[in-house]
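S.K.: This is the structure, below, for whatever I ask next.
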Amino acid sequence: MDIITTSLIYFLIFLISYIITQKILEKFQNLPPTPFPAIPIIGHLHLLKNPSTIHRTFSDLSQKHGPVIRLLFGLRQTILVSSASAAEDCLNTNDISFANRPLFFGSNIVGYNRTTMVWAPYGPLWRAHRKIASTEILSPHRVNTLSHIRAEEVMFLIRLIYIAGKEQIVEIKPALMELANNVMMRMIAGKRIYEGRNEKSDEAKRFDAIIKVLQGETFCAVDFFPFLKYFGVQKFAERRFRKVFLGMDGFFQELVDEQKIKMEENSRFNNGDLGKNSKNLIWELLELQQRDPGYSTDDIIKGLVQVLLLAGTETSSSTMEWATTLLLNNPKTLERAKQEIDNHVGANRLIEEPDLAHLPYLHCIINETLRMYPPAPLLLPHESSSDCVVGGYHIPKGTMLNLNLWAIQNDPTIWDEPTKFKPERFEGVKGNRIGYQFTPFGSGRRACPGENLAMRVVGLTLGSLIQCFDFESVGEIDMDERVSLSMWKAKPLQAKFSPRHNMVELLSRIFT
């Protein structure tokens with residue numbers, strides 16, 4: 001036999017042996033089922049043909065193989081969970097076991113050596129981060145005291161659209177991103193980044209580049225094929241990550257240094273007397289640094305800034321774009337929302353944050369948008385720190401968890417006509433969770449601590465748009481999705497916004 005025939009025979013023997021071994025392991029270790037074939041070395045990566053719709057690919061796999069399936073991404077063991085009951089096993093029953101994040105090469109560099117709240121291992125450092133976020137940065141009291149920032153930025157958006165005129169086609173995504181970024185930057189560093197000019201400042205351009213970096217991937221081929229580090233792949237990836245990190249870190253360090261200078265000036269001229277509500281996030285963290293230098297280092301502060309910028313802008317911006325799109329496609333729902341706001345607020349003033357508690361249908365619209373298009377359809381991956389049981393299957397220690405939130409929230413066995421926009425299904429529901437069937441901000445120890453802030457930004461912005469303008473679509477609206485870190489419209493929404501008849505007088509008085 002020639003060498004090609006011999007090699008082919010050996011490969012077939014290896015492949016058959018591999019498949020038989022996998023089946024034996026599944027049976028005797030009670031592992032979750034796995035799709036066929038799992039190709040040696042690459043595993044199931046060949047199934048992920050379109051990363052931008054990976055949530056739908058995962059959903060199709062779950063429909064064929066069950067709500068808990070085992071996947072091999074290269075040499076990395078992964079489970080895919082796509083049912084509410086199995087999600088409860090992960091995020092409630094085994095919450096501590098799945099409180100860790102998988103170790104990705106890029107997270108060591110971009111994530112400040114895994115010291116950020118997103119990538120830090122479950123332990124004392126992560127708990128300290130979480131406590132600061134929950135009780136200081138994003139506490140209900142803190143969020144309340146900064147309501148003027150959100151009101152001013154929403155007013156800026158309304159003014160921008162009003163001045164554009166009713167015949168002007170508006171691509172809403174950039175405006176929503178700038179609103180969300182300005183809200184977060186004013187909370188974090190006490191400054192606006194975008195001023196609404198046609199030409200962006202150099203600082204705004206740098207900030208755009210930072211956000212683009214944060215939205216990018218933090219993993220590389222070595223995470224799934226460790227042997228590639230012997231072929232120089234890891235060194236190449238490290239150079240790439242270091243380059244983007246240095247630009248981002250330099251920007252964040254400038255923000256920290258600016259606040260240090262202001263603190264020094266305040267101490268010299270005002271005896272350090274500055275009301276707590278006047279302090280931004282970095283200022284408060286620097287005060288903590290003075291009290292506890294060992295914990296609140298500059299890198300820790302910059303890591304918190306990084307996480308808040310990413311979480312605070314992606315979630316609200318994508319949700320607002322999807323909600324506006326859905327209302328354009330459902331004029332009866334839009335009309336009912338207008339009526340609710342008119343009845344409660346009227347046309348003599350603009351909607352304010354305290355009004356949101358009295359606008360239940362608006363809340364239903366937001367919840368239904370979050371159900372159909374969750375900002376993070378797969379959440380961030382978790383990793384088991386111990387052996388556990390999910391859906392009746394044995395899950396070994398070190399298994400990466402991908403939870404398909406989109407599949408659960410669009411499951412036809414849970415939701416009646418899940419592909420239809422029906423805000424009424426949330427009437428009578430308080431809050432933003434229904435067990436593990438609807439958890440758009442995650443659940444368990446790693447749930448998003450910024451839920452309260454995000455809902456206020458989305459509620460006030462969407463409510464203001466509904467109150468002030470009539471919406472008109474420009475041609476047929478493309479409803480395709482594009483998933484990166486968040487779920488965005490594949491084609492950004494373009495629409496016309498004309499002042500509502502009953503709001504013309506008020507808007508004219510405010511903006512002219």
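The way I read the labels, and the way they are meant: chains A, B, ... in the order of the structure tokens, residue 1 as the first residue of every chain, and ligand 1 as the first ligand shown, with later ones counted on from there.
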Determine, counting only C-alpha atoms, which protein, DNA and RNA residues have an atom within 6 Å of an atom of segment 117-123 of chain A; residues of the same chain fewer than 3 positions away are not included. Present the result as a PDB file with C-alpha atoms, in the first residue's frame.
M.R.:
ATOM      1  CA  ALA A  99     -19.744  31.750  39.469  1.00  0.00           C
ATOM      2  CA  ASN A 100     -16.364  31.627  37.699  1.00  0.00           C
ATOM      3  CA  ARG A 114      -8.357  39.399  35.194  1.00  0.00           C
ATOM      4  CA  TRP A 126     -14.681  39.907  42.816  1.00  0.00           C
ATOM      5  CA  HIS A 129     -15.911  44.792  43.186  1.00  0.00           C
TER       6      HIS A 129
END
S.K.: Using DSSP on the backbone, list every residue of segment 294-498 of chain A that comes out as strand (DSSP E or B), and give them as an mmCIF file with N, CA and C atoms, in the first residue's frame.
M.R.:
data_model
loop_
_atom_site.group_PDB
_atom_site.id
_atom_site.type_symbol
_atom_site.label_atom_id
_atom_site.label_comp_id
_atom_site.auth_asym_id
_atom_site.auth_seq_id
_atom_site.Cartn_x
_atom_site.Cartn_y
_atom_site.Cartn_z
ATOM 1 N N HIS A 382 -19.698 31.173 31.569
ATOM 2 C CA HIS A 382 -19.309 30.785 32.924
ATOM 3 C C HIS A 382 -18.433 29.537 32.820
ATOM 4 N N GLU A 383 -17.857 29.121 33.940
ATOM 5 C CA GLU A 383 -17.083 27.875 33.974
ATOM 6 C C GLU A 383 -17.280 27.206 35.326
ATOM 7 N N CYS A 388 -20.770 18.954 38.922
ATOM 8 C CA CYS A 388 -22.145 19.262 39.313
ATOM 9 C C CYS A 388 -23.108 18.558 38.358
ATOM 10 N N VAL A 389 -24.403 18.734 38.602
ATOM 11 C CA VAL A 389 -25.435 18.102 37.787
ATOM 12 C C VAL A 389 -26.331 19.185 37.200
ATOM 13 N N VAL A 390 -26.521 19.153 35.878
ATOM 14 C CA VAL A 390 -27.385 20.099 35.179
ATOM 15 C C VAL A 390 -28.320 19.313 34.272
ATOM 16 N N TYR A 393 -27.706 15.608 34.022
ATOM 17 C CA TYR A 393 -26.438 15.146 33.454
ATOM 18 C C TYR A 393 -25.259 15.552 34.340
ATOM 19 N N HIS A 394 -24.219 14.734 34.300
ATOM 20 C CA HIS A 394 -22.987 15.033 35.028
ATOM 21 C C HIS A 394 -22.169 16.056 34.244
ATOM 22 N N ILE A 395 -21.791 17.138 34.914
ATOM 23 C CA ILE A 395 -20.968 18.182 34.292
ATOM 24 C C ILE A 395 -19.631 18.234 35.022
ATOM 25 N N MET A 400 -16.946 24.829 30.340
ATOM 26 C CA MET A 400 -17.452 26.167 30.033
ATOM 27 C C MET A 400 -18.951 26.102 29.779
ATOM 28 N N LEU A 401 -19.687 27.072 30.305
ATOM 29 C CA LEU A 401 -21.140 27.130 30.154
ATOM 30 C C LEU A 401 -21.521 28.256 29.207
ATOM 31 N N ASN A 402 -22.263 27.912 28.153
ATOM 32 C CA ASN A 402 -22.914 28.896 27.302
ATOM 33 C C ASN A 402 -24.416 28.769 27.512
ATOM 34 N N LEU A 403 -25.034 29.826 28.013
ATOM 35 C CA LEU A 403 -26.466 29.804 28.289
ATOM 36 C C LEU A 403 -27.176 30.624 27.221
ATOM 37 N N ILE A 434 -39.095 36.888 35.166
ATOM 38 C CA ILE A 434 -40.135 35.887 35.419
ATOM 39 C C ILE A 434 -39.402 34.570 35.597
ATOM 40 N N PHE A 438 -37.505 34.468 31.889
ATOM 41 C CA PHE A 438 -37.237 35.819 31.397
ATOM 42 C C PHE A 438 -36.245 36.483 32.340
ATOM 43 N N PHE A 469 -42.689 62.609 19.247
ATOM 44 C CA PHE A 469 -42.609 62.466 17.797
ATOM 45 C C PHE A 469 -43.547 61.398 17.245
ATOM 46 N N ASP A 470 -43.962 61.630 16.003
ATOM 47 C CA ASP A 470 -44.558 60.581 15.186
ATOM 48 C C ASP A 470 -43.429 59.907 14.422
ATOM 49 N N PHE A 471 -43.461 58.572 14.381
ATOM 50 C CA PHE A 471 -42.409 57.810 13.704
ATOM 51 C C PHE A 471 -42.872 57.450 12.296
ATOM 52 N N GLU A 472 -41.946 57.481 11.358
ATOM 53 C CA GLU A 472 -42.231 57.047 9.988
ATOM 54 C C GLU A 472 -41.037 56.259 9.466
ATOM 55 N N SER A 473 -41.297 55.040 9.025
ATOM 56 C CA SER A 473 -40.210 54.202 8.522
ATOM 57 C C SER A 473 -39.781 54.667 7.135
ATOM 58 N N GLU A 481 -30.565 40.186 12.688
ATOM 59 C CA GLU A 481 -29.730 40.523 13.840
ATOM 60 C C GLU A 481 -28.254 40.342 13.497
ATOM 61 N N ARG A 482 -27.447 41.001 14.314
ATOM 62 C CA ARG A 482 -25.996 40.823 14.252
ATOM 63 C C ARG A 482 -25.485 40.774 15.680
ATOM 64 N N VAL A 483 -24.932 39.627 16.052
ATOM 65 C CA VAL A 483 -24.467 39.446 17.427
ATOM 66 C C VAL A 483 -22.957 39.592 17.479
ATOM 67 N N MET A 487 -26.626 42.125 20.938
ATOM 68 C CA MET A 487 -27.425 41.854 19.751
ATOM 69 C C MET A 487 -27.903 43.178 19.147
ATOM 70 N N TRP A 488 -27.379 43.501 17.987
ATOM 71 C CA TRP A 488 -27.754 44.715 17.274
ATOM 72 C C TRP A 488 -28.553 44.364 16.026
ATOM 73 N N LYS A 489 -29.222 45.361 15.465
ATOM 74 C CA LYS A 489 -29.793 45.186 14.139
ATOM 75 C C LYS A 489 -28.641 45.070 13.145
ATOM 76 N N GLN A 494 -33.186 53.392 10.118
ATOM 77 C CA GLN A 494 -33.344 54.748 9.613
ATOM 78 C C GLN A 494 -34.829 55.086 9.609
ATOM 79 N N ALA A 495 -35.176 56.270 10.103
ATOM 80 C CA ALA A 495 -36.581 56.659 10.191
ATOM 81 C C ALA A 495 -36.699 58.177 10.176
ATOM 82 N N LYS A 496 -37.933 58.648 9.987
ATOM 83 C CA LYS A 496 -38.234 60.074 10.083
ATOM 84 C C LYS A 496 -39.015 60.318 11.371
ATOM 85 N N PHE A 497 -38.680 61.394 12.054
ATOM 86 C CA PHE A 497 -39.338 61.741 13.311
ATOM 87 C C PHE A 497 -39.888 63.164 13.185
ATOM 88 N N SER A 498 -41.204 63.287 13.160
ATOM 89 C CA SER A 498 -41.824 64.612 13.074
ATOM 90 C C SER A 498 -42.549 64.919 14.376
#
S.K.: Give me the residues of segment 432-510 of chain A that have any atom at most 9 Å from an atom of segment 406-426 of chain A; for each, the nearest atom pair and the distance in Å, rounded to one decimal. Use only C-alpha atoms, sort by chain and number, and format it as a Markdown table.
M.R.:
| residue | atom | partner | partner_atom | distance |
| --- | --- | --- | --- | --- |
| A:Tyr436 | CA | A:Ile408 | CA | 8.4 |
| A:Gln437 | CA | A:Gln409 | CA | 6.1 |
| A:Phe438 | CA | A:Gln409 | CA | 5.9 |
| A:Thr439 | CA | A:Gln409 | CA | 8.2 |
| A:Pro440 | CA | A:Gln409 | CA | 8.6 |
S.K.: Set the distance at 7 Å and use only C-alpha atoms: which residues neighbour segment 220-225 of chain A once local chain neighbours fewer than 3 positions away are removed? I'd like the list as JSON, numbers by chain.
M.R.: {"A": [73, 74, 75, 76, 104, 105, 228, 229, 234, 237]}
S.K.: In Å, how far is it from atom CA of Ala87 of chain A to atom CA of Asp480 of chain A?
M.R.: 26.3 Å
S.K.: Between atom CA of Met248 of chain A and atom CA of Glu287 of chain A, measure the distance and give it in Å to one decimal.
M.R.: 23.2 Å
S.K.: Using the chain letters and numbers from this document, which residues of segment 149-273 of chain A does DSSP assign to alpha helix (DSSP H), as a PyMOL selection string?
M.R.: chain A and resi 149-164+172-189+202-214+233-269
S.K.: Between A:Asn348, A:Asn280, A:Thr333, A:Thr369, single out the one closest to Val143 of chain A, counting only C-alpha atoms.
M.R.: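 Between A:Asn348, A:Asn280, A:Thr333, A:Thr369, the residue approaching Val143 of chain A most closely is A:Asn280.
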